[in-house]
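Inspection log for the structure reproduced underneath, given as structure tokens.
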Amino acid sequence: MAGGGAAPAPKQDELQPHPVREQLPNVSFCITSPPPWPEAVLLGFQHFLVMLGTTVIIPTALVPQMGGGNDDKARVVQTILFVSGLNTLFQTFFGTRLPAVIGGSYTFVVPTISIILAGRYSDIVDPHEKFLHIMRGTQGALIVASTFQIIVGFSGLWRNVTRFLSPLAAVPLVALSGFGLYEFGFPGVAKCIEIGLPQIILLVLFSQYLPHALHSDKPVFHRFSVIFSITIVWFYAYLLTVGGAYRHSPPKTQLHCRTDRSGLIGGAPWIRVPYPFQWGAPTFDAGEAFAMMAASFVALVESTGTFIAVTRYASATPCPPSVLSRGIGWQGIGILLDGIFGTANGSSVSVENAGLLALTRIGSRRVVQISAGFMIFFSILGKFGAVFASIPAPIFAALYCIFFAYVGSVGLSFLQFCNLNSFRTLFIIGFSIFMGLSVPQYFNEYTSVAGYGPVHVGARWFNDMVNVIFSSKPFVAGLVAFFLDNTLHRHDPTTKRDRGYYWWKKFRSFKADMRTAEFYELPFNLNKFFPSV
């Protein structure tokens with residue numbers, strides 16, 4: 001006989017599974033409800049701070065290879081900031097209307113490096129002259145590549161593709177849009193562990209533990225945890241720098257840890273407005289344009305995954321295919337602006353800012369529009385923008401550990417619509433995520449050893465196209481899941497239910513659900529002229 005103190009039987013409602021939610025609950029301000037102005041401005045500034053990481057990391061890697069100095073690097077950072085501000089405004093007003101920041105993209109780095117290494121620039125002796133010629137080459141390639149997203153988006157082609165996207169196929173795509181960026185997380189923190197690790201610890205403390213410990217009515221800590229933690233760690237890094245902690249350290253350590261090594265503050269002008277074709281007339285090369293177009297295709301798929309994550313964290317209903325297609329068209333215009341202004345890099349949806357929506361639990365569109373205002377403001381007032389841009393990179397890498405994780409986990413949350421007791425579901429999820437990690441790993445390993453990718457034929461542009469496509473984790477995972485989900489036992493009566501198709505079916509067309517218009521309708525009555533279907 002069992003002992004007297006047996007645990008009471010669980011109540012009936014405790015044994016019920018969690019209900020499925022089309023919109024994420026517990027979001028403080030959703031897409032259409034802005035916070036009070038003072039709070040909105042601070043939250044917008046926080047989004048600006050977070051997007052600075054990628055904005056500075058990419059030019060810091062590329063500009064010296066192009067032959068540019070610190071002043072060139074500062075001008076490129078300013079230009080990226082300026083164009084990102086414009087693109088974010090366009091996307092939030094006329095694109096998907098989601099609170100998505102459009103910023104620099106790592107996807108375009110490979111074809112840009114390919115342009116840097118092109119033979120036709122090797123005989124230019126003067127470094128600055130070489131920088132200008134390479135920049136014009138990247139501009140030409142970006143201008144041509146932008147037409148791909150503009151056509152695919154505005155023609156409605158992408159709408160027809162995403163109509164076949166079920167919650168099941170979205171899981172690997174969205175999950176690896178976040179988790180697939182793991183190499184930018186802790187490896188970046190470890191470059192200066194004494195700065196990076198405190199940043200992770202403080203951010204987790206401020207955002208997760210303190211709000212519960214203090215039982216405060218006002219959620220100050222988790223909303224502004226990024227500002228609090230960056231201020232403390234940046235000041236601590238400054239004290240280490242001034243105190244001479246790195247005086248005898250190797251140059252690499254000094255570059256990552258010191259607060260005065262970015263070269264941006266000295267190189268930035270006080271006031272400067274970036275303008276079209278500021279580096280000269282773009283030059284065009286067919287091969288480079290094809291390679292950049294492949295990157296544009298990959299960025300389109302990755303951005304679709306991030307848009308879906310933003311939809312969830314903004315507590316909106318699933319994004320209709322026509323709205324996704326419209327957003328991709330405007331992202332194409334964004335890449336066109338990158339080419340016209342000369343950023344040396346294409347644009348896509350910022351994954352880290354999508355993660356920040358989750359951390360703050362504020363998915364307001366207005367907050368992101370305010371952050372776009374900060375981008376434009378600080379890009380023109382160069383010296384002030386350069387102060388924030390000189391925050392050491394390991395601090396940003398620490399933020400990525402949390403933000404990329406949030407985007408990955410929201411991808412997994414779509415499993416609530418799927419039947420996890422179905423072998424078909426388990427096979428598609430497991431196989432696509434595994435291949436999404438394994439295939440790019442092979443391509444990246446091969447490249448790091450051999451100096452070129454596994455596809456190595458005479459035409460370099462073709463090599464770049466294949467290597468760019470198969471080095472993207474969300475692209476490979478999304479492609480495998482999308483193909484399997486739409487071909488495997490498709491006509492089986494239980495399949496539609498197992499893959500979660502019915503949950504998203506009513507959001508396939510713009511007018512099928514009342515809430516869709518509330519979230520995604522164009523401003524200024526533009527829906528009359530540009531109807532969504």
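Following the order of the structure tokens, first chain is A, next is B, and so on, with residues numbered from 1 inside each chain and ligands from 1 in the order they appear.
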- Message: Excluding Val220 in chain A and its own-chain neighbours fewer than 3 positions away, which residues fall within 12 Å of it when counting only C-alpha atoms? Please give them as a ChimeraX atom specification.
- Response: /A:39,42-43,206-208,210-212,214-217,223-228,360-361
Which residues of range 318-423 of chain A have any atom within 8 Å of an atom in range 305-310 of chain A when counting only C-alpha atoms, and what is the closest pair of atoms for each, with the distance in Å to one decimal? Order the rows by chain and rising number and write it as CSV.
```
residue,atom,partner,partner_atom,distance
A:Pro318,CA,A:Ile308,CA,7.3
A:Cys319,CA,A:Ile308,CA,7.0
A:Leu324,CA,A:Phe307,CA,7.8
A:Val349,CA,A:Thr306,CA,6.4
A:Ser350,CA,A:Thr306,CA,7.7
A:Val351,CA,A:Thr306,CA,6.3
A:Ala354,CA,A:Val310,CA,5.5
A:Leu357,CA,A:Val310,CA,7.7
A:Gly363,CA,A:Val310,CA,8.0
A:Val407,CA,A:Ala309,CA,6.2
A:Val410,CA,A:Ala309,CA,6.2
A:Gly411,CA,A:Ala309,CA,6.8
```
Mind writing the picked residues with all heavy atoms as a tab-separated table (two decimals), in the first residue's frame?
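Just written: part.tsv:
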```
chain	number	residue	atom	x	y	z
A	318	PRO	N	-0.88	35.97	-38.98
A	318	PRO	CA	0.08	35.58	-40.02
A	318	PRO	C	0.02	36.50	-41.24
A	318	PRO	O	-1.05	36.92	-41.66
A	318	PRO	CB	-0.34	34.15	-40.37
A	318	PRO	CG	-0.94	33.64	-39.09
A	318	PRO	CD	-1.63	34.81	-38.47
A	319	CYS	N	1.18	36.82	-41.78
A	319	CYS	CA	1.30	37.78	-42.88
A	319	CYS	C	0.76	37.17	-44.18
A	319	CYS	O	1.24	36.11	-44.60
A	319	CYS	CB	2.79	38.12	-43.04
A	319	CYS	SG	3.08	39.61	-43.96
A	324	LEU	N	3.61	39.82	-47.98
A	324	LEU	CA	5.02	39.38	-47.99
A	324	LEU	C	5.67	39.75	-49.31
A	324	LEU	O	6.80	40.26	-49.36
A	324	LEU	CB	5.11	37.87	-47.79
A	324	LEU	CG	5.26	37.35	-46.37
A	324	LEU	CD1	5.23	35.83	-46.36
A	324	LEU	CD2	6.56	37.84	-45.73
A	349	VAL	N	16.20	42.04	-43.83
A	349	VAL	CA	15.56	42.33	-42.55
A	349	VAL	C	16.53	42.02	-41.42
A	349	VAL	O	17.15	40.95	-41.40
A	349	VAL	CB	14.27	41.50	-42.38
A	349	VAL	CG1	13.55	41.89	-41.11
A	349	VAL	CG2	13.36	41.69	-43.57
A	350	SER	N	16.68	42.95	-40.49
A	350	SER	CA	17.61	42.77	-39.38
A	350	SER	C	17.07	41.73	-38.40
A	350	SER	O	16.02	41.91	-37.79
A	350	SER	CB	17.80	44.12	-38.67
A	350	SER	OG	18.37	43.92	-37.41
A	351	VAL	N	17.82	40.63	-38.24
A	351	VAL	CA	17.41	39.54	-37.34
A	351	VAL	C	17.53	40.00	-35.88
A	351	VAL	O	16.67	39.70	-35.04
A	351	VAL	CB	18.27	38.28	-37.58
A	351	VAL	CG1	17.88	37.15	-36.63
A	351	VAL	CG2	18.14	37.82	-39.02
A	354	ALA	N	14.61	42.00	-34.79
A	354	ALA	CA	13.45	41.13	-34.58
A	354	ALA	C	13.51	40.52	-33.18
A	354	ALA	O	12.49	40.40	-32.49
A	354	ALA	CB	13.40	40.04	-35.64
A	357	LEU	N	12.44	42.99	-30.45
A	357	LEU	CA	10.97	43.08	-30.27
A	357	LEU	C	10.53	42.10	-29.19
A	357	LEU	O	9.66	42.40	-28.37
A	357	LEU	CB	10.24	42.73	-31.58
A	357	LEU	CG	10.45	43.61	-32.81
A	357	LEU	CD1	9.71	43.02	-34.00
A	357	LEU	CD2	9.96	45.03	-32.57
A	363	GLY	N	6.01	45.38	-30.01
A	363	GLY	CA	6.08	45.19	-31.46
A	363	GLY	C	5.47	46.36	-32.20
A	363	GLY	O	4.88	46.19	-33.26
A	407	VAL	N	14.76	34.74	-32.17
A	407	VAL	CA	14.21	34.53	-33.52
A	407	VAL	C	14.16	33.03	-33.82
A	407	VAL	O	13.18	32.53	-34.40
A	407	VAL	CB	15.05	35.30	-34.58
A	407	VAL	CG1	14.58	34.95	-35.99
A	407	VAL	CG2	14.92	36.80	-34.35
A	410	VAL	N	11.18	31.44	-31.94
A	410	VAL	CA	9.84	31.73	-32.46
A	410	VAL	C	9.56	30.85	-33.67
A	410	VAL	O	8.41	30.50	-33.95
A	410	VAL	CB	9.65	33.23	-32.78
A	410	VAL	CG1	10.14	33.61	-34.16
A	410	VAL	CG2	8.18	33.62	-32.66
A	411	GLY	N	10.63	30.46	-34.37
A	411	GLY	CA	10.47	29.49	-35.47
A	411	GLY	C	9.94	28.17	-34.93
A	411	GLY	O	9.01	27.57	-35.49
```
Return as JSON lines the residues of range 233-328 of chain A lying at most 8 Å from range 107-131 of chain A, together with the closest atom-to-atom pair for each and the distance in Å to one decimal, counting only C-alpha atoms, with rows in chain order and ascending residue number.
```
{"residue": "A:Glu288", "atom": "CA", "partner": "A:Ile115", "partner_atom": "CA", "distance": 6.7}
{"residue": "A:Ala291", "atom": "CA", "partner": "A:Pro111", "partner_atom": "CA", "distance": 5.9}
{"residue": "A:Met292", "atom": "CA", "partner": "A:Pro111", "partner_atom": "CA", "distance": 5.7}
{"residue": "A:Ala295", "atom": "CA", "partner": "A:Phe108", "partner_atom": "CA", "distance": 5.6}
{"residue": "A:Ser296", "atom": "CA", "partner": "A:Phe108", "partner_atom": "CA", "distance": 7.6}
{"residue": "A:Val298", "atom": "CA", "partner": "A:Thr107", "partner_atom": "CA", "distance": 7.2}
{"residue": "A:Ala299", "atom": "CA", "partner": "A:Thr107", "partner_atom": "CA", "distance": 6.4}
```
Output C-alpha atoms of each residue in that selection to a file, as a compact mmCIF listing (two decimals), in the first residue's frame.
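Final output, part.txt:
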```
# COMPACT_ATOMS: atom_id res chain seq x y z
CA GLU A 288 29.59 39.87 -60.70
CA ALA A 291 26.79 36.38 -58.20
CA MET A 292 25.14 39.35 -56.48
CA ALA A 295 22.90 36.66 -52.90
CA SER A 296 19.76 38.70 -53.56
CA VAL A 298 19.18 34.07 -50.69
CA ALA A 299 18.46 37.36 -48.87
```
- Task: Would you mind telling me which residue in A:Gly373, A:Gly355, A:Gly180, A:Pro392 lies nearest to Phe434 in chain A when using only C-alpha atoms?
- Result: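 For Phe434 in chain A, the nearest of the given residues is A:Gly180.
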- Gln254 in chain A: which residues within 12 Å, counting only C-alpha atoms, same-chain residues fewer than 2 positions away excluded, as JSON, numbers by chain? {"A": [191, 192, 237, 240, 241, 244, 245, 246, 247, 248, 249, 250, 251, 252, 256, 257, 258, 259, 260, 261, 262, 392, 393]}
- Residue nearest Asn26 in chain A - candidates A:Tyr400, A:Phe374, A:Tyr313, A:Phe427, atoms counted: only C-alpha atoms: A:Tyr313
- So which bits of range 324-495 of chain A end up alpha helix (DSSP H) when you DSSP the backbone, as a ChimeraX atom specification? /A:324-341,351-360,365-380,382-389,393-413,423-450,460-470,473-487,495
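The nearest approach to Ile151 in chain A among the residues A:Gly67, A:Pro38, A:Gly332, A:Gly346, with only C-alpha atoms taken into account, belongs to A:Gly332.
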- Task: Do a neighbour search on Arg508 in chain A at 7 Å with only C-alpha atoms, toss out local chain neighbours closer than 4 positions, and write the hits as a list in words.
- Result: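 My list of contacting residues is Arg163, Pro320, Pro321 and Trp504 of chain A.
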- Message: Which residues are near Arg75 in chain A? Cut-off 9 Å, only C-alpha atoms, ignore same chain within fewer than 5 positions. Put them as a VMD selection string.
- Response: chain A and resid 70 80 264 267 to 269 272 274 379 382
- Could you jot down the CA of Asp338 in chain A to CA of Phe284 in chain A separation for me, Å, one decimal place? 15.0 Å
- Message: Would you pick out the contacts of Ser166 in chain A at 7 Å or less, using only C-alpha atoms, so that residues sharing its chain but fewer than 6 positions from it are not included, and give the list as a list in words?
- Response: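 The contact residues come out as Arg499, Gly500 and Tyr501 of chain A.
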- Kindly give the distance, in Å, that separates CA of Lys73 in chain A and CA of Val387 in chain A, rounded to a single decimal. 14.0 Å
- Message: One number please: CA of Thr253 in chain A to CA of Ile395 in chain A, in Å, one decimal.
- Response: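 Rounded to one decimal, the two atoms are 14.0 Å apart.
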- Task: Pick out the residues sitting within 10 Å of range 414-417 of chain A, and hand them over as a ChimeraX atom specification; count only C-alpha atoms, and ignore anything fewer than 5 positions along from it in its own chain.
- Result: /A:18-22,166-172,174-175,309,312,409,425,429,497-504
May I have the residues from that selection written out with C-alpha atoms, as a PDB file, in the first residue's frame?
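In the end it all went to again-v9.pdb:
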```
ATOM      1  CA  HIS A  18      -1.704  24.562 -24.196  1.00  0.00           C
ATOM      2  CA  PRO A  19      -4.175  26.189 -26.584  1.00  0.00           C
ATOM      3  CA  VAL A  20      -2.940  27.187 -30.045  1.00  0.00           C
ATOM      4  CA  ARG A  21      -2.675  30.975 -30.543  1.00  0.00           C
ATOM      5  CA  GLU A  22      -2.756  32.701 -33.928  1.00  0.00           C
ATOM      6  CA  SER A 166       2.618  25.907 -44.222  1.00  0.00           C
ATOM      7  CA  PRO A 167       3.533  26.290 -40.528  1.00  0.00           C
ATOM      8  CA  LEU A 168       5.499  23.039 -40.877  1.00  0.00           C
ATOM      9  CA  ALA A 169       7.729  24.376 -43.690  1.00  0.00           C
ATOM     10  CA  ALA A 170       8.080  27.716 -41.861  1.00  0.00           C
ATOM     11  CA  VAL A 171       9.625  26.065 -38.774  1.00  0.00           C
ATOM     12  CA  PRO A 172      13.099  25.240 -40.241  1.00  0.00           C
ATOM     13  CA  VAL A 174      12.440  30.791 -39.328  1.00  0.00           C
ATOM     14  CA  ALA A 175      14.350  28.723 -36.740  1.00  0.00           C
ATOM     15  CA  ALA A 309       9.288  36.001 -36.925  1.00  0.00           C
ATOM     16  CA  ARG A 312       4.712  36.813 -34.415  1.00  0.00           C
ATOM     17  CA  SER A 409      12.797  29.946 -30.841  1.00  0.00           C
ATOM     18  CA  THR A 425       6.149  15.869 -39.564  1.00  0.00           C
ATOM     19  CA  ILE A 429      11.442  18.903 -39.425  1.00  0.00           C
ATOM     20  CA  ARG A 497      -4.158  18.892 -40.735  1.00  0.00           C
ATOM     21  CA  ASP A 498      -0.752  17.527 -39.693  1.00  0.00           C
ATOM     22  CA  ARG A 499       1.181  20.307 -41.438  1.00  0.00           C
ATOM     23  CA  GLY A 500      -0.975  23.033 -39.876  1.00  0.00           C
ATOM     24  CA  TYR A 501      -2.351  24.116 -43.228  1.00  0.00           C
ATOM     25  CA  TYR A 502      -5.859  24.895 -41.915  1.00  0.00           C
ATOM     26  CA  TRP A 503      -4.575  27.374 -39.320  1.00  0.00           C
ATOM     27  CA  TRP A 504      -3.012  29.581 -41.997  1.00  0.00           C
TER      28      TRP A 504
END
```
- Task: Give the strand (DSSP E or B) residues of range 196-429 of chain A, as DSSP finds them on the backbone, and put them as JSON, numbers by chain.
- Result: {"A": [347, 348, 349, 362]}
